[in-house]
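Undergrad: The structure file model22.cif (mmCIF, C-alpha atoms) is provided below.
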data_model
#
loop_
_atom_site.label_atom_id
_atom_site.label_comp_id
_atom_site.auth_asym_id
_atom_site.auth_seq_id
_atom_site.Cartn_x
_atom_site.Cartn_y
_atom_site.Cartn_z
CA MET A 1 50.27 12.19 76.12
CA GLN A 2 51.94 11.27 79.44
CA ASN A 3 51.98 7.68 80.69
CA SER A 4 49.53 8.37 83.52
CA GLN A 5 47.02 9.72 81.01
CA LYS A 6 47.54 6.74 78.72
CA ASP A 7 47.01 4.35 81.64
CA SER A 8 43.71 6.01 82.48
CA LEU A 9 42.49 5.31 78.95
CA ILE A 10 43.30 1.57 79.03
CA ILE A 11 40.12 -0.47 78.54
CA ASN A 12 39.68 -3.98 79.91
CA ILE A 13 39.14 -5.93 76.69
CA PRO A 14 37.09 -9.13 77.15
CA THR A 15 38.70 -12.47 76.33
CA VAL A 16 36.96 -14.98 74.05
CA LEU A 17 37.97 -18.65 74.03
CA ILE A 18 37.17 -20.37 70.72
CA VAL A 19 37.13 -24.17 70.66
CA ASP A 20 37.07 -26.22 67.45
CA ASP A 21 38.99 -29.26 66.18
CA ASN A 22 39.15 -27.68 62.70
CA ALA A 23 42.00 -25.18 62.34
CA SER A 24 40.25 -23.43 59.43
CA ASN A 25 37.18 -22.77 61.58
CA LEU A 26 39.41 -21.35 64.31
CA ASP A 27 41.05 -19.05 61.78
CA VAL A 28 37.68 -17.77 60.59
CA LEU A 29 36.41 -17.04 64.12
CA ASN A 30 39.73 -15.50 65.09
CA GLY A 31 39.53 -13.17 62.09
CA VAL A 32 36.03 -12.04 63.06
CA LEU A 33 36.76 -11.52 66.77
CA LYS A 34 40.39 -10.34 66.82
CA PRO A 35 39.69 -6.65 66.02
CA PHE A 36 37.42 -6.36 69.10
CA TYR A 37 38.48 -9.00 71.65
CA LYS A 38 41.41 -10.89 73.07
CA VAL A 39 41.15 -14.31 71.50
CA LYS A 40 42.39 -17.65 72.83
CA ALA A 41 42.01 -20.86 70.83
CA ALA A 42 41.80 -24.55 71.69
CA ILE A 43 41.94 -27.38 69.17
CA ASN A 44 40.26 -29.91 71.53
CA GLY A 45 38.18 -30.23 74.66
CA GLU A 46 41.02 -31.03 77.08
CA LEU A 47 42.93 -27.91 76.09
CA ALA A 48 39.74 -25.85 76.36
CA LEU A 49 39.18 -27.05 79.94
CA GLU A 50 42.78 -26.24 80.82
CA ILE A 51 42.57 -22.70 79.41
CA ALA A 52 39.19 -22.04 81.04
CA SER A 53 40.54 -23.13 84.44
CA ASN A 54 43.49 -20.72 84.39
CA PRO A 55 43.37 -17.69 86.75
CA ASN A 56 42.89 -15.41 83.71
CA LYS A 57 39.85 -17.31 82.54
CA PRO A 58 37.92 -16.22 79.44
CA ASP A 59 34.88 -13.97 79.61
CA ILE A 60 32.98 -16.14 77.12
CA ILE A 61 33.50 -19.44 75.25
CA LEU A 62 32.51 -20.24 71.66
CA LEU A 63 32.36 -24.03 71.58
CA ASP A 64 32.06 -26.50 68.70
CA ILE A 65 29.97 -29.61 69.40
CA MET A 66 31.31 -32.24 67.00
CA MET A 67 34.87 -32.90 68.16
CA PRO A 68 36.72 -36.23 68.57
CA ASP A 69 37.56 -37.71 72.00
CA MET A 70 35.54 -35.13 73.94
CA ASP A 71 32.60 -33.46 72.21
CA GLY A 72 31.28 -30.01 73.00
CA TYR A 73 28.46 -31.34 75.19
CA GLU A 74 30.95 -33.04 77.52
CA VAL A 75 33.16 -29.95 77.60
CA CYS A 76 30.12 -27.83 78.51
CA SER A 77 29.05 -30.31 81.19
CA ARG A 78 32.49 -30.31 82.81
CA LEU A 79 32.73 -26.53 82.70
CA LYS A 80 29.32 -26.13 84.33
CA SER A 81 30.11 -28.67 87.05
CA ASN A 82 33.24 -26.77 88.10
CA VAL A 83 32.51 -23.87 90.47
CA ASN A 84 35.44 -21.91 89.01
CA THR A 85 34.13 -22.05 85.42
CA ALA A 86 30.39 -22.51 85.86
CA GLN A 87 29.60 -18.83 85.35
CA ILE A 88 31.43 -18.45 82.03
CA PRO A 89 28.79 -18.05 79.27
CA ILE A 90 29.02 -20.68 76.53
CA ILE A 91 27.80 -20.27 72.95
CA PHE A 92 27.67 -23.41 70.83
CA VAL A 93 28.94 -22.84 67.30
CA THR A 94 28.02 -25.88 65.23
CA ALA A 95 26.56 -27.38 62.09
CA LYS A 96 24.12 -29.40 64.23
CA THR A 97 21.03 -27.29 63.68
CA GLN A 98 18.13 -29.57 64.58
CA VAL A 99 15.79 -28.37 67.34
CA LYS A 100 16.68 -31.32 69.59
CA ASP A 101 20.38 -30.35 69.36
CA GLU A 102 19.61 -26.78 70.36
CA GLU A 103 17.37 -27.97 73.21
CA ARG A 104 20.12 -30.22 74.55
CA GLY A 105 22.63 -27.36 74.41
CA PHE A 106 20.37 -24.98 76.33
CA GLU A 107 19.53 -27.67 78.89
CA MET A 108 23.24 -28.08 79.57
CA GLY A 109 23.63 -24.39 80.33
CA ALA A 110 24.62 -22.79 77.03
CA VAL A 111 23.42 -19.22 76.61
CA ASP A 112 23.15 -19.22 72.80
CA TYR A 113 23.53 -21.22 69.60
CA ILE A 114 25.23 -20.07 66.35
CA SER A 115 24.94 -22.14 63.21
CA LYS A 116 27.77 -22.89 60.78
CA PRO A 117 28.71 -21.50 58.39
CA ILE A 118 28.93 -18.46 60.63
CA SER A 119 27.81 -14.93 59.89
CA ALA A 120 30.33 -12.38 61.18
CA PRO A 121 27.69 -9.80 62.22
CA ILE A 122 25.73 -12.48 64.11
CA VAL A 123 28.84 -13.73 65.91
CA LEU A 124 29.84 -10.21 66.96
CA ALA A 125 26.32 -9.28 68.04
CA ARG A 126 25.82 -12.46 70.12
CA VAL A 127 29.23 -12.24 71.78
CA LYS A 128 28.74 -8.55 72.62
CA THR A 129 25.30 -9.22 74.11
CA HIS A 130 26.34 -12.14 76.30
CA VAL A 131 29.56 -10.53 77.52
CA ALA A 132 27.50 -7.49 78.56
CA LEU A 133 24.89 -9.68 80.30
CA SER A 134 27.59 -11.66 82.08
CA ASN A 135 29.30 -8.50 83.31
CA GLN A 136 25.97 -7.17 84.51
CA ASN A 137 25.30 -10.39 86.41
CA LEU A 138 28.73 -10.28 88.02
CA VAL A 139 28.11 -6.71 89.19
CA LEU A 140 24.73 -7.72 90.63
CA GLU A 141 26.23 -10.75 92.37
CA LYS A 142 28.91 -8.55 93.90
CA LEU A 143 26.28 -6.12 95.17
CA VAL A 144 24.25 -8.96 96.66
CA LEU A 145 27.33 -10.38 98.41
CA GLU A 146 28.26 -6.96 99.79
CA ARG A 147 24.75 -6.33 101.08
CA THR A 148 24.50 -9.83 102.52
CA LYS A 149 27.78 -9.35 104.39
CA LYS A 150 26.60 -5.98 105.66
CA LEU A 151 23.38 -7.56 106.88
CA GLN A 152 25.30 -10.37 108.59
CA ASP A 153 27.66 -7.87 110.23
CA THR A 154 24.66 -5.90 111.48
CA GLN A 155 23.03 -9.08 112.78
CA ILE A 156 26.20 -10.05 114.65
CA GLU A 157 26.46 -6.57 116.17
CA ILE A 158 22.82 -6.65 117.31
CA ILE A 159 23.35 -10.05 118.92
CA ARG A 160 26.49 -8.84 120.65
CA ARG A 161 24.70 -5.74 121.90
CA LEU A 162 21.83 -7.83 123.27
CA GLY A 163 24.34 -10.05 125.01
CA CYS A 164 26.02 -6.98 126.46
CA ALA A 165 22.63 -5.72 127.67
CA ALA A 166 22.30 -8.83 129.83
CA GLU A 167 25.86 -8.51 131.10
CA TYR A 168 25.32 -4.90 132.18
CA LYS A 169 23.18 -6.32 134.95
CA ASP A 170 26.29 -7.49 136.81
CA ASN A 171 29.17 -6.17 134.70
CA ASP A 172 29.49 -2.45 134.14
CA THR A 173 31.28 -2.80 130.80
CA GLY A 174 29.63 -5.77 129.09
CA LEU A 175 33.06 -6.86 127.83
CA HIS A 176 32.61 -10.34 129.26
CA VAL A 177 30.60 -11.49 126.23
CA ILE A 178 33.26 -10.26 123.83
CA ARG A 179 36.07 -12.03 125.68
CA MET A 180 34.27 -15.32 126.23
CA SER A 181 33.10 -15.36 122.59
CA TRP A 182 36.72 -15.25 121.47
CA TYR A 183 37.76 -17.84 124.06
CA SER A 184 34.98 -20.11 122.78
CA LYS A 185 36.11 -19.69 119.19
CA PHE A 186 39.72 -20.53 120.05
CA LEU A 187 38.63 -23.69 121.87
CA ALA A 188 36.23 -24.67 119.07
CA GLU A 189 39.08 -24.38 116.56
CA GLN A 190 41.06 -26.86 118.64
CA VAL A 191 38.41 -29.58 118.34
CA SER A 192 36.62 -28.90 115.04
CA THR A 193 37.50 -28.12 111.43
CA ASP A 194 33.96 -27.03 110.55
CA THR A 195 34.50 -23.30 110.05
CA GLU A 196 30.79 -22.62 109.53
CA TRP A 197 29.93 -24.26 112.86
CA ILE A 198 32.80 -22.46 114.61
CA ASN A 199 31.61 -19.09 113.32
CA LEU A 200 28.03 -19.85 114.39
CA LEU A 201 29.31 -20.66 117.86
CA TYR A 202 31.31 -17.43 117.97
CA MET A 203 28.31 -15.37 116.86
CA ALA A 204 25.85 -17.09 119.23
CA ALA A 205 28.10 -17.05 122.31
CA PRO A 206 27.15 -13.52 123.45
CA MET A 207 23.57 -14.70 123.97
CA HIS A 208 24.43 -17.44 126.49
CA ASP A 209 23.12 -15.51 129.53
CA ILE A 210 20.52 -13.27 127.87
CA GLY A 211 17.99 -14.50 130.43
CA LYS A 212 19.78 -12.52 133.17
CA ILE A 213 17.76 -9.54 131.98
CA ALA A 214 14.78 -11.05 133.78
CA ILE A 215 16.59 -11.70 137.09
CA PRO A 216 16.07 -9.07 139.84
CA ASP A 217 19.15 -7.03 140.77
CA ARG A 218 18.78 -7.96 144.45
CA ILE A 219 19.63 -11.53 143.47
CA LEU A 220 22.04 -10.94 140.62
CA LEU A 221 24.14 -8.39 142.52
CA LYS A 222 23.92 -9.99 145.97
CA PRO A 223 27.50 -10.06 147.36
CA GLY A 224 26.88 -13.06 149.58
CA LYS A 225 25.70 -16.61 148.96
CA LEU A 226 22.18 -17.03 147.59
CA ASP A 227 19.66 -18.90 149.72
CA ASP A 228 17.70 -21.80 148.24
CA LYS A 229 14.80 -19.65 147.10
CA GLU A 230 17.08 -17.07 145.50
CA TRP A 231 19.16 -19.77 143.80
CA ALA A 232 16.02 -21.36 142.36
CA LEU A 233 15.07 -18.01 140.86
CA MET A 234 18.62 -17.39 139.58
CA LYS A 235 18.55 -20.71 137.71
CA LYS A 236 15.43 -19.59 135.89
CA HIS A 237 17.58 -17.27 133.74
CA VAL A 238 18.13 -20.28 131.47
CA GLU A 239 14.39 -20.69 130.93
CA TYR A 240 13.97 -16.93 130.43
CA GLY A 241 16.83 -16.89 127.93
CA VAL A 242 15.28 -19.64 125.80
CA LYS A 243 11.97 -17.75 125.78
CA ILE A 244 13.68 -14.51 124.77
CA LEU A 245 15.45 -16.25 121.88
CA GLY A 246 12.11 -17.61 120.66
CA THR A 247 11.49 -20.37 118.15
CA ALA A 248 12.56 -18.73 114.88
CA ASP A 249 13.96 -21.14 112.28
CA SER A 250 17.47 -19.70 112.18
CA GLU A 251 20.79 -21.57 112.48
CA LEU A 252 22.20 -18.76 114.57
CA LEU A 253 19.27 -18.58 116.99
CA SER A 254 19.12 -22.38 117.19
CA MET A 255 22.77 -22.40 118.22
CA ALA A 256 22.09 -19.62 120.75
CA ARG A 257 19.19 -21.62 122.25
CA GLU A 258 21.36 -24.75 122.45
CA ILE A 259 24.09 -22.82 124.28
CA THR A 260 21.68 -21.02 126.58
CA LEU A 261 19.98 -24.23 127.57
CA GLY A 262 23.10 -26.32 128.03
CA HIS A 263 26.01 -24.22 129.29
CA HIS A 264 25.08 -24.66 132.97
CA GLU A 265 24.89 -28.44 132.66
CA GLN A 266 27.91 -30.19 134.19
CA TYR A 267 29.87 -33.12 132.83
CA ASP A 268 29.06 -35.33 135.84
CA GLY A 269 25.33 -34.60 135.55
CA SER A 270 25.11 -32.27 138.56
CA GLY A 271 24.28 -29.14 136.57
CA TYR A 272 20.97 -27.54 135.59
CA PRO A 273 18.29 -27.28 134.26
CA TYR A 274 18.03 -30.99 133.32
CA GLY A 275 21.04 -32.72 134.89
CA ILE A 276 22.36 -33.91 131.53
CA GLU A 277 25.80 -35.51 131.69
CA GLY A 278 28.85 -36.19 129.54
CA GLU A 279 28.63 -35.95 125.78
CA ASN A 280 24.84 -35.78 125.98
CA ILE A 281 25.48 -32.10 126.64
CA PRO A 282 25.90 -30.38 123.24
CA LEU A 283 29.53 -29.69 122.33
CA SER A 284 28.71 -26.01 121.87
CA ALA A 285 27.45 -25.77 125.47
CA ARG A 286 30.46 -27.68 126.86
CA ILE A 287 32.77 -25.21 125.11
CA ILE A 288 30.87 -22.17 126.36
CA ALA A 289 30.84 -23.54 129.92
CA ILE A 290 34.65 -23.49 130.04
CA ALA A 291 35.08 -20.13 128.32
CA ASP A 292 32.38 -18.52 130.47
CA ALA A 293 33.76 -19.88 133.74
CA PHE A 294 37.36 -18.91 132.98
CA ASP A 295 36.41 -15.34 132.16
CA ALA A 296 34.12 -15.04 135.18
CA LEU A 297 36.89 -16.28 137.46
CA THR A 298 39.61 -14.01 136.03
CA SER A 299 37.48 -10.85 135.80
CA LYS A 300 36.95 -8.23 138.48
CA ARG A 301 33.36 -7.47 139.32
CA PRO A 302 31.88 -4.89 141.73
CA TYR A 303 31.34 -7.69 144.27
CA LYS A 304 34.53 -9.80 143.69
CA ASN A 305 38.19 -9.55 142.83
CA ALA A 306 39.70 -11.25 139.79
CA TRP A 307 41.44 -14.55 140.32
CA PRO A 308 44.99 -14.95 139.04
CA VAL A 309 45.11 -16.87 135.76
CA GLU A 310 47.11 -19.68 137.37
CA LYS A 311 44.44 -20.19 140.03
CA ALA A 312 41.66 -20.23 137.42
CA VAL A 313 43.54 -22.78 135.29
CA ALA A 314 44.09 -24.93 138.37
CA LEU A 315 40.33 -24.90 139.04
CA LEU A 316 39.57 -25.94 135.45
CA LYS A 317 41.96 -28.89 135.89
CA GLU A 318 40.46 -29.77 139.28
CA LYS A 319 36.91 -29.73 137.90
CA SER A 320 37.85 -31.60 134.70
CA GLY A 321 35.56 -34.61 134.37
CA LYS A 322 33.25 -33.19 137.04
CA HIS A 323 32.04 -29.75 136.00
CA PHE A 324 33.91 -29.56 132.69
CA ASP A 325 34.54 -31.87 129.73
CA PRO A 326 37.91 -33.59 130.44
CA ILE A 327 38.80 -33.58 126.73
CA LEU A 328 38.13 -29.88 126.30
CA VAL A 329 39.98 -28.54 129.34
CA PRO A 330 43.49 -29.44 128.05
CA GLN A 331 42.56 -28.05 124.62
CA PHE A 332 41.51 -24.77 126.26
CA ILE A 333 44.83 -24.56 128.09
CA LYS A 334 46.69 -25.12 124.80
CA CYS A 335 45.33 -21.84 123.41
CA LEU A 336 45.92 -19.88 126.63
CA ASP A 337 48.37 -17.47 124.97
CA LYS A 338 45.72 -16.29 122.50
CA ILE A 339 43.13 -16.17 125.28
CA LEU A 340 45.32 -13.90 127.40
CA GLU A 341 45.86 -11.58 124.44
CA ILE A 342 42.09 -11.12 124.15
CA LYS A 343 41.78 -10.74 127.91
CA ALA A 344 44.32 -7.90 127.85
CA LYS A 345 42.69 -6.24 124.85
CA TYR A 346 39.16 -6.20 126.31
CA GLN A 347 39.83 -5.50 129.96
CA ASN A 348 37.22 -4.32 132.46
CA THR A 349 37.90 -1.04 134.21
CA PHE A 350 36.16 -0.34 137.49
#
What is this structure when it is put down as structure tokens?

TA:
Amino acid sequence: MQNSQKDSLIINIPTVLIVDDNASNLDVLNGVLKPFYKVKAAINGELALEIASNPNKPDIILLDIMMPDMDGYEVCSRLKSNVNTAQIPIIFVTAKTQVKDEERGFEMGAVDYISKPISAPIVLARVKTHVALSNQNLVLEKLVLERTKKLQDTQIEIIRRLGCAAEYKDNDTGLHVIRMSWYSKFLAEQVSTDTEWINLLYMAAPMHDIGKIAIPDRILLKPGKLDDKEWALMKKHVEYGVKILGTADSELLSMAREITLGHHEQYDGSGYPYGIEGENIPLSARIIAIADAFDALTSKRPYKNAWPVEKAVALLKEKSGKHFDPILVPQFIKCLDKILEIKAKYQNTF
């Protein structure tokens, strides 16, 4: 038989870790399990924890209870409290056969209980069953994670598409929301280490101007300056956006509402809708305000030419402490190289 054919017949043999302070007991269990499994042995609890924490961790652990220094209950507790070993099934193998002992073992997370002296058929049957169940659970967990990620990816895409729908009102490509989302993420990474919050911000950013959908084209696309009445109506896109996003109890939608409501506030309190100032404006909204403004300034629209990057940066500096957060503006400039890469990648074409 050729090597390639041999390789295709290789079976992944499960590994069993046996833990007992009595060498004779280890020899007995090893003799029972060796013909069917890879066997690792530990003579005490510390060694068992070390073996279980290795990258090639065991598929199942057969654990004695009565051991000196660290008994089986403590070993079990420490394994279950460690995220890397918590899912390994544990079977207690012990002479402690009272009901209260079994109850304690199950309460600590053991999956089964084998009494000493052991019966070889029972040991093999229990190990086979729990290895199979564990493998089945791992497969199910993997499927759940894959489907959850797919659902999250779909959710992100829907949000981005909705954001683009609003941008199509005054931007023929809708690429603005993609660019400013990346700009926002880069800036957020400069001032926060909370990756979950940063990702929420990135995902929610496309919704910042969703309320534009409700603004008439005669106002949104007007090439000249808006009069007072038109400007009052334009500002209502914030209110419309919050209504569109609704009141659902979702971290993502909550972040989107926070951004929508706050990204037109200005650091000196001269913004809208509430005239909030300084750090009373949510950090998420202060970040979006800079990213949104920079992209709007440097992008060509049907009614305006794009500003040079240098001129846009100069405006951010000029408005620092007035329109924009003075701490965030320098941080935004620090990641300008990455920002310009995204700008070049997602460029409008008119």

Undergrad: Any chance you could work out the residue set of the PyMOL selection byres ((chain A and resi 270-281) around 10) here, as a PyMOL selection string?

TA: chain A and resi 235-236+238-239+258-259+261-269+282-286+321-326

Undergrad: Work out how far apart atom CA of A:Lys34 and atom CA of A:Leu17 are and give it in Å to one decimal.

TA: 11.3 Å

Undergrad: Using Å and a single decimal, report how far atom CA of A:Lys212 sits from atom CA of A:Lys243.

TA: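 Straight-line distance from atom CA of A:Lys243 to atom CA of A:Lys212 works out to 12.0 Å.
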
Undergrad: As a ChimeraX atom specification, please: the residues near A:Ala42 (cut-off 10 Å, all atoms listed in the file, same-chain neighbours under 2 positions excluded).

TA: /A:17-23,26,40,44-51,63

Undergrad: Per residue of stretch 1-91 of chain A within 12 Å of stretch 130-149 of chain A, record the nearest atom pair and its distance in Å to one decimal, counting all atoms listed in the file, with rows in chain order and ascending residue number, as a Markdown table.

TA:
| residue | atom | partner | partner_atom | distance |
| --- | --- | --- | --- | --- |
| A:Asn12 | CA | A:Asn135 | CA | 11.8 |
| A:Ile13 | CA | A:Val131 | CA | 10.7 |
| A:Pro14 | CA | A:Val131 | CA | 7.7 |
| A:Thr15 | CA | A:Val131 | CA | 9.4 |
| A:Val16 | CA | A:Val131 | CA | 9.3 |
| A:Tyr37 | CA | A:Val131 | CA | 10.8 |
| A:Pro58 | CA | A:Val131 | CA | 10.3 |
| A:Asp59 | CA | A:Val131 | CA | 6.7 |
| A:Ile60 | CA | A:Val131 | CA | 6.6 |
| A:Ile61 | CA | A:Val131 | CA | 10.0 |
| A:Leu62 | CA | A:His130 | CA | 11.2 |
| A:Ala86 | CA | A:Ser134 | CA | 11.8 |
| A:Gln87 | CA | A:Ser134 | CA | 8.1 |
| A:Ile88 | CA | A:Ser134 | CA | 7.8 |
| A:Pro89 | CA | A:His130 | CA | 7.1 |
| A:Ile90 | CA | A:His130 | CA | 9.0 |
| A:Ile91 | CA | A:His130 | CA | 8.9 |

Undergrad: Residues within 7 Å of stretch 295-306 of chain A, please, as a list of chain:residue names. Count all atoms listed in the file; anything in the same chain fewer than 3 positions from it doesn't count.

TA: A:Asn171, A:His176, A:Met180, A:Pro223, A:Ala291, A:Asp292, A:Val309, A:Ala312

Undergrad: Given the file shown, enumerate the residues that the PyMOL selection byres ((chain A and resi 93-102) around 9) captures and present them as a list of chain:residue names.

TA: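 With the shown file as input, the PyMOL selection byres ((chain A and resi 93-102) around 9) matches A:Val19, A:Asp20, A:Leu62, A:Leu63, A:Asp64, A:Ile65, A:Met66, A:Ile91, A:Phe92, A:Glu103, A:Arg104, A:Gly105, A:Phe106, A:Glu107, A:Asp112, A:Tyr113, A:Ile114, A:Ser115, A:Lys116, A:Pro117, A:Ile118.
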
Undergrad: Could those residues be written to a file, using C-alpha atoms, as a tab-separated table (two decimals), in the coordinates of the input?

TA:
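Writing the result to again.tsv gives the following:
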chain	number	residue	atom	x	y	z
A	19	VAL	CA	37.13	-24.17	70.66
A	20	ASP	CA	37.07	-26.22	67.45
A	62	LEU	CA	32.51	-20.24	71.66
A	63	LEU	CA	32.36	-24.03	71.58
A	64	ASP	CA	32.06	-26.50	68.70
A	65	ILE	CA	29.97	-29.61	69.40
A	66	MET	CA	31.31	-32.24	67.00
A	91	ILE	CA	27.80	-20.27	72.95
A	92	PHE	CA	27.67	-23.41	70.83
A	103	GLU	CA	17.37	-27.97	73.21
A	104	ARG	CA	20.12	-30.22	74.55
A	105	GLY	CA	22.63	-27.36	74.41
A	106	PHE	CA	20.37	-24.98	76.33
A	107	GLU	CA	19.53	-27.67	78.89
A	112	ASP	CA	23.15	-19.22	72.80
A	113	TYR	CA	23.53	-21.22	69.60
A	114	ILE	CA	25.23	-20.07	66.35
A	115	SER	CA	24.94	-22.14	63.21
A	116	LYS	CA	27.77	-22.89	60.78
A	117	PRO	CA	28.71	-21.50	58.39
A	118	ILE	CA	28.93	-18.46	60.63

Undergrad: What's the separation between atom CA of A:Asn56 and atom CA of A:Leu29, in Å to one decimal place?

TA: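 Value for the atom CA of A:Asn56-atom CA of A:Leu29 distance: 20.7 Å.
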
Undergrad: So, with only C-alpha atoms as the atoms that count, which of A:Ala314, A:Ile210, A:Leu33, A:Val177 lies closest to A:Lys128?

TA: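 With only C-alpha atoms as the atom set, the closest residue is A:Leu33.
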
Undergrad: With the PyMOL selection byres ((chain A and resi 187) around 8) as the selection, what would be picked from this file? Answer as a list in words, please.

TA: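 Output from the PyMOL selection byres ((chain A and resi 187) around 8), applied to this file: Tyr183, Ser184, Lys185, Phe186, Ala188, Glu189, Gln190, Val191, Ile287, Leu328, Gln331, Phe332 and Cys335 of chain A.
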
Undergrad: Could you check the closest approach to A:Asn84 for each of A:Gly241, A:Gly211, A:Pro55, A:Pro68 and tell me which residue wins, using only C-alpha atoms?

TA: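 Comparing A:Gly241, A:Gly211, A:Pro55, A:Pro68 against A:Asn84, the winner is A:Pro55.
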
Undergrad: Please put the answer as lines of an AutoDock Vina configuration file: centre and edge lengths, in Å with one decimal, of a box along x, y and z that encloses all listed atoms of stretch 243-246 of chain A plus 5 Å on each side.

TA:
center_x = 13.7
center_y = -16.1
center_z = 123.2
size_x = 13.5
size_y = 13.2
size_z = 15.1
